[in-house]
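data19.txt (compact mmCIF, C-alpha atoms)
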```
# COMPACT_ATOMS: atom_id res chain seq x y z
CA MET A 18 208.64 117.53 175.01
CA THR A 19 205.40 119.39 174.52
CA SER A 20 203.40 118.89 171.40
CA SER A 21 202.34 121.87 169.33
CA PRO A 22 198.64 122.73 169.27
CA PRO A 23 196.67 121.22 166.42
CA PHE A 24 196.55 123.30 163.27
CA ILE A 25 193.12 124.73 162.55
CA PRO A 26 192.77 125.77 158.94
CA GLN A 27 191.45 129.25 158.38
CA SER A 28 189.76 130.41 155.24
CA ASP A 29 191.21 133.44 153.54
CA PRO A 30 189.44 135.76 153.97
CA PRO A 31 187.52 134.52 157.06
CA LEU A 32 183.91 133.49 156.44
CA PRO A 33 181.24 135.96 157.63
CA PRO A 34 179.46 135.11 160.90
CA TRP A 35 176.14 134.26 159.23
CA GLU A 36 177.89 131.42 157.38
CA THR A 37 179.61 129.95 160.44
CA LEU A 38 177.27 130.60 163.35
CA PRO A 39 174.16 128.51 164.09
CA THR A 40 171.02 128.95 162.01
CA MET A 41 167.41 128.51 163.10
CA TYR A 42 167.75 124.80 162.29
CA ASP A 43 170.55 124.41 164.84
CA LEU A 44 169.16 126.46 167.75
CA PRO A 45 166.39 125.29 170.12
CA SER A 46 162.95 126.72 169.39
CA ASP A 47 161.25 125.88 172.70
CA ASN A 48 161.73 126.98 176.29
CA PRO A 49 161.69 123.95 178.62
CA GLU A 50 161.80 126.19 181.72
CA GLU A 51 158.62 128.04 180.74
CA PRO A 52 156.36 125.50 179.03
CA GLY A 53 153.12 126.66 177.43
CA LEU A 54 151.39 130.02 177.36
CA PRO A 55 150.38 131.62 180.67
CA ASP A 56 146.74 132.39 179.81
CA ASP A 57 144.18 132.84 177.04
CA PHE A 58 144.96 136.54 176.68
CA HIS A 59 148.58 135.76 175.80
CA PHE A 60 147.27 133.68 172.92
CA LEU A 61 144.42 135.87 171.67
CA GLN A 62 146.02 139.33 171.89
CA PRO A 63 149.08 138.41 169.78
CA LEU A 64 146.73 136.70 167.32
CA LEU A 65 144.77 139.93 166.88
CA LEU A 66 148.00 141.86 166.32
CA TYR A 67 149.17 139.24 163.83
CA LEU A 68 145.94 139.35 161.82
CA THR A 69 145.81 143.16 161.63
CA PHE A 70 149.51 143.92 161.08
CA GLN A 71 149.21 145.05 157.47
CA PRO A 72 151.60 147.98 156.84
CA THR A 73 149.97 150.05 154.11
CA ILE A 74 153.21 151.25 152.49
CA TRP A 75 154.98 147.89 152.34
CA ASN A 76 154.66 144.97 149.95
CA PRO A 77 152.66 142.31 151.87
CA GLU A 78 155.19 139.71 150.73
CA LEU A 79 157.87 141.57 152.71
CA VAL A 80 156.00 141.79 156.00
CA TYR A 81 156.54 139.23 158.75
CA SER A 82 155.26 138.96 162.31
CA ALA A 83 155.32 136.28 164.96
CA ALA A 84 154.19 135.54 168.50
CA ASP A 85 156.04 133.65 171.21
CA LEU A 86 158.95 132.82 168.89
CA ASN A 87 162.57 132.61 170.03
CA LEU A 88 164.45 135.77 169.00
CA TYR A 89 168.22 135.17 168.88
CA TYR A 90 170.17 138.40 169.10
CA ASP A 91 173.84 138.07 170.13
CA LEU A 92 176.68 136.93 167.87
CA GLN A 93 178.96 136.51 170.88
CA HIS A 94 176.38 134.39 172.75
CA PRO A 95 174.47 132.56 170.02
CA LEU A 96 172.41 130.53 172.51
CA TRP A 97 170.96 133.61 174.22
CA TYR A 98 167.46 134.57 173.13
CA LYS A 99 164.33 136.46 174.11
CA ARG A 100 160.78 135.35 173.40
CA PRO A 101 158.61 138.41 172.66
CA ASP A 102 154.87 138.10 173.02
CA TRP A 103 154.63 139.59 169.52
CA PHE A 104 156.94 141.31 167.08
CA GLY A 105 156.70 142.66 163.55
CA VAL A 106 159.34 143.02 160.84
CA VAL A 107 159.30 144.77 157.45
CA GLY A 108 161.62 144.11 154.53
CA VAL A 109 161.69 140.39 155.32
CA SER A 110 160.03 137.52 153.47
CA LYS A 111 157.28 135.60 155.25
CA LEU A 112 159.35 132.45 154.73
CA TYR A 113 162.94 131.95 155.85
CA LYS A 114 165.05 132.61 152.75
CA GLY A 115 161.79 132.38 150.84
CA GLU A 116 161.62 128.63 151.44
CA ASP A 117 160.67 127.51 154.94
CA LEU A 118 158.46 128.43 157.89
CA ARG A 119 160.58 129.83 160.71
CA LEU A 120 161.42 127.82 163.80
CA SER A 121 163.01 130.90 165.41
CA TYR A 122 164.08 134.37 164.35
CA VAL A 123 167.87 134.45 164.20
CA THR A 124 168.89 138.07 163.65
CA TRP A 125 172.31 137.32 162.16
CA GLN A 126 170.62 135.14 159.52
CA GLU A 127 167.93 137.71 158.62
CA PRO A 128 168.09 140.92 156.53
CA ALA A 129 166.38 143.07 159.19
CA ASN A 130 165.77 143.25 162.93
CA PRO A 131 162.22 143.55 164.29
CA PHE A 132 160.69 147.00 163.79
CA VAL A 133 158.16 146.84 166.62
CA VAL A 134 157.84 144.61 169.68
CA VAL A 135 154.87 144.17 172.00
CA GLU A 136 155.18 142.68 175.47
CA LEU A 137 152.09 141.81 177.54
CA LEU A 138 152.69 142.33 181.23
CA SER A 139 152.22 139.38 183.55
CA PRO A 140 152.64 139.33 187.31
CA GLY A 141 156.36 139.35 187.98
CA THR A 142 157.53 140.47 184.50
CA GLU A 143 157.35 144.24 185.00
CA ALA A 144 161.00 144.63 186.01
CA GLU A 145 162.22 142.64 183.00
CA ASP A 146 159.87 144.28 180.49
CA LEU A 147 160.23 147.89 181.68
CA GLY A 148 163.98 148.04 182.15
CA MET A 149 163.95 148.10 185.94
CA LYS A 150 165.98 144.91 186.21
CA LYS A 151 169.72 144.82 185.59
CA ASN A 152 171.21 141.37 185.14
CA ALA A 153 174.74 140.45 186.13
CA ALA A 154 177.47 140.89 183.52
CA HIS A 155 177.78 137.16 182.88
CA LYS A 156 174.00 136.73 182.56
CA PRO A 157 171.82 137.48 179.52
CA PRO A 158 170.62 141.11 179.47
CA SER A 159 166.97 142.02 180.10
CA LYS A 160 164.45 142.36 177.29
CA TRP A 161 164.62 146.14 177.59
CA GLU A 162 168.40 146.11 177.13
CA VAL A 163 168.18 143.74 174.17
CA TYR A 164 165.50 145.73 172.39
CA GLU A 165 167.04 149.14 173.12
CA ARG A 166 170.78 148.59 173.09
CA ILE A 167 171.49 145.48 171.01
CA LEU A 168 168.76 145.20 168.39
CA ARG A 169 167.79 148.90 168.49
CA ILE A 170 164.15 148.18 167.76
CA PRO A 171 162.44 151.49 166.84
CA TYR A 172 159.18 150.90 168.75
CA TYR A 173 158.63 149.00 172.00
CA ILE A 174 155.09 148.63 173.37
CA VAL A 175 154.08 147.27 176.77
CA PHE A 176 150.42 146.56 177.54
CA SER A 177 148.78 145.28 180.72
CA HIS A 178 145.33 143.77 180.38
CA TYR A 179 145.05 143.79 184.17
CA THR A 180 145.10 147.59 184.34
CA ASP A 181 144.46 148.41 180.64
CA GLU A 182 147.62 150.53 180.79
CA LEU A 183 149.45 151.09 177.51
CA GLN A 184 153.08 152.22 177.63
CA ALA A 185 155.03 152.97 174.47
CA PHE A 186 158.65 153.82 173.80
CA GLN A 187 160.40 155.06 170.68
CA LEU A 188 164.12 154.79 170.06
CA VAL A 189 165.57 158.30 170.06
CA GLY A 190 169.32 158.27 169.57
CA ALA A 191 170.62 155.48 171.78
CA HIS A 192 167.75 155.33 174.28
CA TYR A 193 164.03 154.69 174.50
CA GLU A 194 161.89 157.74 175.14
CA PRO A 195 158.19 157.55 176.15
CA MET A 196 155.72 158.13 173.31
CA ASN A 197 152.61 160.26 173.59
CA LEU A 198 149.30 159.11 172.17
CA THR A 199 147.96 161.03 169.18
CA GLU A 200 144.15 160.90 169.15
CA GLY A 201 144.39 157.83 171.34
CA ARG A 202 146.83 156.02 169.09
CA LEU A 203 150.57 155.54 168.57
CA PRO A 204 151.46 156.63 165.02
CA MET A 205 154.19 154.74 163.16
CA PRO A 206 154.49 156.58 159.84
CA GLU A 207 157.29 154.27 158.65
CA LEU A 208 154.63 151.53 158.48
CA GLY A 209 151.64 153.62 157.45
CA LEU A 210 149.99 152.33 160.63
CA SER A 211 149.08 153.35 164.14
CA LEU A 212 148.55 151.18 167.21
CA GLY A 213 145.83 151.82 169.75
CA LEU A 214 143.29 150.39 172.14
CA TRP A 215 139.98 149.15 170.76
CA GLN A 216 136.89 148.25 172.73
CA GLY A 217 135.29 145.43 170.77
CA SER A 218 134.69 141.72 170.40
CA PHE A 219 137.43 139.44 169.13
CA GLN A 220 136.76 135.70 168.97
CA ASP A 221 133.40 136.50 170.63
CA ILE A 222 135.19 138.00 173.64
CA PRO A 223 134.29 141.64 174.32
CA LYS A 224 137.05 143.61 176.03
CA LEU A 225 139.72 146.25 175.49
CA TRP A 226 142.23 145.00 172.91
CA LEU A 227 145.43 146.33 171.41
CA ARG A 228 144.91 146.62 167.66
CA TRP A 229 146.36 148.08 164.47
CA PHE A 230 144.78 151.07 162.73
CA THR A 231 145.65 153.13 159.68
CA LEU A 232 147.40 156.44 160.32
CA ALA A 233 144.02 158.12 159.79
CA GLY A 234 142.48 156.01 162.56
CA GLU A 235 140.53 153.45 160.52
CA LEU A 236 140.57 149.88 161.77
CA ILE A 237 142.65 147.39 159.83
CA PRO A 238 139.91 144.81 159.23
CA LEU A 239 140.11 141.19 160.24
CA PRO A 240 139.42 138.61 157.50
CA THR A 241 136.04 137.86 159.11
CA GLU A 242 135.20 141.57 159.18
CA GLU A 243 136.14 141.90 155.52
CA ALA A 244 133.77 139.02 154.68
CA VAL A 245 130.94 140.64 156.65
CA THR A 246 131.58 143.98 154.93
CA ALA A 247 131.56 142.32 151.52
CA LYS A 248 128.23 140.64 152.31
CA GLN A 249 126.77 143.94 153.53
CA GLU A 250 127.96 145.76 150.41
CA ALA A 251 126.52 143.03 148.18
CA ALA A 252 123.18 143.19 150.03
CA GLN A 253 123.13 146.98 149.70
CA ALA A 254 123.89 146.73 145.98
CA ARG A 255 121.05 144.24 145.51
CA GLN A 256 118.69 146.54 147.42
CA GLU A 257 119.70 149.56 145.33
CA ALA A 258 119.25 147.55 142.12
CA ALA A 259 115.78 146.44 143.24
CA GLN A 260 114.83 150.05 144.05
CA ALA A 261 116.04 151.18 140.62
CA ARG A 262 113.96 148.47 138.91
CA GLU A 263 110.91 149.47 140.93
CA LYS A 264 111.31 153.13 139.94
CA ALA A 265 111.74 152.14 136.29
CA GLU A 266 108.56 150.06 136.42
CA GLN A 267 106.66 152.92 138.04
CA LEU A 268 107.85 155.32 135.33
CA THR A 269 106.87 152.87 132.61
CA GLU A 270 103.39 152.47 134.09
CA ARG A 271 102.99 156.25 134.36
CA LEU A 272 103.91 156.72 130.70
CA ARG A 273 101.37 154.12 129.64
CA GLN A 274 98.69 155.93 131.67
CA LEU A 275 99.55 159.09 129.71
CA GLY A 276 99.13 157.24 126.43
CA VAL A 277 102.81 156.97 125.68
CA ASN A 278 104.26 153.63 124.63
CA PRO A 279 107.63 153.47 126.38
CA ASP A 280 108.79 150.78 123.95
CA GLU A 281 108.65 153.32 121.13
CA LEU A 282 110.82 155.88 122.96
CA ASP A 283 114.48 156.25 121.98
```
Transcribe the structure of this file into structure tokens.
Amino acid sequence: MTSSPPFIPQSDPPLPPWETLPTMYDLPSDNPEEPGLPDDFHFLQPLLLYLTFQPTIWNPELVYSAADLNLYYDLQHPLWYKRPDWFGVVGVSKLYKGEDLRLSYVTWQEPANPFVVVELLSPGTEAEDLGMKKNAAHKPPSKWEVYERILRIPYYIVFSHYTDELQAFQLVGAHYEPMNLTEGRLPMPELGLSLGLWQGSFQDIPKLWLRWFTLAGELIPLPTEEAVTAKQEAAQARQEAAQAREKAEQLTERLRQLGVNPDELD
């Protein structure tokens, strides 16, 4: 006599996936097969993007970005993830549910998918990053497939610091289409920003960097640059005030020479 299968109670109606599937607290946040960052550039370039990602038409409290963080994307395979070099999201609190720093970005637990992703090419990653690699059906899809087909991320940027080549793709319909530079930059009007290459010094390292600009082409300043600008403006204001005092003193002296008491003037 065979026994009947155990009864599994089912809620009525069924609970939504985000209440039953793993959260960021349940899923691993490291990658044991790829420990550490490959080089200094993969640390510094995402940091520069992170510090200058300040969408001008969004509330800063609803802007989030991260580097080298697990991005979980598939409800049917909740352990599958990608690890973008950098990604930015709008309409999402900086803290998970407004309470905690994120361990990972779990798309079915968040109100929005990433809006822009940047991958930095390394030797051997071109096929994965540029959609030239097709994985077997039972294997996780490539980054390109995840960003284009599953998460439908509007902007996908690929940058090689070996060749200084910038490649950009915008989601048009169901597929990524190459983007053209406008005055050397990639405009993203939905953010009030543009992304472009900048020859300058970051962390005392002069080179060509990928950096955020306004739509008009002005640099989004780093905190250190803002401090320098504030000091320069304060110094200029002090200089202008000193010049004004000097002119006033010269005028006063001239009036006295003409026999006019400036203290008696209205």
Considering all atoms listed in the file, return as a PDB file with C-alpha atoms, in the coordinates of the input whatever protein or nucleic-acid residues lie within 9 Å of Val134 in chain A, sequence-local ones (same chain, fewer than 3 positions apart) excluded.
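Written output follows (around_5.pdb):
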```pdb
ATOM      1  CA  PRO A 101     158.610 138.410 172.660  1.00  0.00           C
ATOM      2  CA  ASP A 102     154.870 138.100 173.020  1.00  0.00           C
ATOM      3  CA  TRP A 103     154.630 139.590 169.520  1.00  0.00           C
ATOM      4  CA  PHE A 104     156.940 141.310 167.080  1.00  0.00           C
ATOM      5  CA  GLY A 105     156.700 142.660 163.550  1.00  0.00           C
ATOM      6  CA  PRO A 131     162.220 143.550 164.290  1.00  0.00           C
ATOM      7  CA  TYR A 164     165.500 145.730 172.390  1.00  0.00           C
ATOM      8  CA  ILE A 170     164.150 148.180 167.760  1.00  0.00           C
ATOM      9  CA  PRO A 171     162.440 151.490 166.840  1.00  0.00           C
ATOM     10  CA  TYR A 172     159.180 150.900 168.750  1.00  0.00           C
ATOM     11  CA  TYR A 173     158.630 149.000 172.000  1.00  0.00           C
ATOM     12  CA  ILE A 174     155.090 148.630 173.370  1.00  0.00           C
ATOM     13  CA  VAL A 175     154.080 147.270 176.770  1.00  0.00           C
TER      14      VAL A 175
END
```
CA of Asn87 in chain A to CA of Ser46 in chain A, straight-line distance in Å: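 We find that CA of Ser46 in chain A and CA of Asn87 in chain A lie 5.9 Å from each other.
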Gap from CA of Asn76 in chain A to CA of Glu136 in chain A - Å, one decimal: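 Computing the Euclidean distance for CA of Asn76 in chain A and CA of Glu136 in chain A yields 25.6 Å.
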Separation of CA of Tyr179 in chain A from CA of Glu194 in chain A in Å: 23.7 Å
Distance criterion (all atoms listed in the file): nearest to Pro158 in chain A out of A:Lys114, A:Lys99, A:His192, A:His178: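 Ranking A:Lys114, A:Lys99, A:His192, A:His178 by distance to Pro158 in chain A, first place goes to A:Lys99.
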Spatial sel., origin (151.1, 150.1, 153.2), limit 12 Å, only C-alpha atoms, listed as a list of chain:residue names: A:Phe70, A:Gln71, A:Pro72, A:Thr73, A:Ile74, A:Trp75, A:Asn76, A:Pro77, A:Glu78, A:Leu79, A:Val80, A:Val107, A:Met205, A:Pro206, A:Glu207, A:Leu208, A:Gly209, A:Leu210, A:Ser211, A:Phe230, A:Thr231, A:Leu232, A:Ile237
Neighbour list for Met196 in chain A as a PyMOL selection string, cut-off 10 Å, only C-alpha atoms, skip fewer than 6 positions in-chain: chain A and resi 172-174+184-188+203-204
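Restricting the calculation to all atoms listed in the file, the smallest distance between Ala83 in chain A and any of A:Leu236, A:Ala261, A:Leu147, A:Leu66 is found for A:Leu66.
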Sorted by chain and rising residue number, which residues of range 147-179 of chain A lie within 12 Å of range 121-124 of chain A, and what are their closest atom pairs and distances in Å to one decimal, counting only C-alpha atoms, as CSV?
```
residue,atom,partner,partner_atom,distance
A:Val163,CA,A:Thr124,CA,12.0
A:Ile167,CA,A:Thr124,CA,10.8
A:Leu168,CA,A:Thr124,CA,8.6
A:Arg169,CA,A:Thr124,CA,11.9
A:Ile170,CA,A:Thr124,CA,11.9
```
List the spatial neighbours of Leu65 in chain A as a PDB file with C-alpha atoms, keeping the file's coordinate frame - criterion: any atom at most 10 Å away, all atoms listed in the file, same-chain residues fewer than 5 positions off excluded.
```
ATOM      1  CA  PHE A  60     147.270 133.680 172.920  1.00  0.00           C
ATOM      2  CA  PHE A  70     149.510 143.920 161.080  1.00  0.00           C
ATOM      3  CA  PHE A 219     137.430 139.440 169.130  1.00  0.00           C
ATOM      4  CA  GLN A 220     136.760 135.700 168.970  1.00  0.00           C
ATOM      5  CA  TRP A 226     142.230 145.000 172.910  1.00  0.00           C
ATOM      6  CA  LEU A 227     145.430 146.330 171.410  1.00  0.00           C
ATOM      7  CA  ARG A 228     144.910 146.620 167.660  1.00  0.00           C
ATOM      8  CA  TRP A 229     146.360 148.080 164.470  1.00  0.00           C
ATOM      9  CA  LEU A 239     140.110 141.190 160.240  1.00  0.00           C
TER      10      LEU A 239
END
```
Which residue of A:Gln126, A:Gln62, A:Gln260, A:Thr142 approaches Met41 in chain A most closely, using only C-alpha atoms: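 The answer is A:Gln126, which sits nearest to Met41 in chain A.
Within 12 Å of Leu118 in chain A, once all atoms listed in the file are used and residues closer than 5 positions along the same chain are dropped, the contacting residues are A:Met41, A:Tyr42, A:Tyr81, A:Ser82, A:Ala83, A:Leu86, A:Ser110, A:Lys111, A:Leu112, A:Tyr113.
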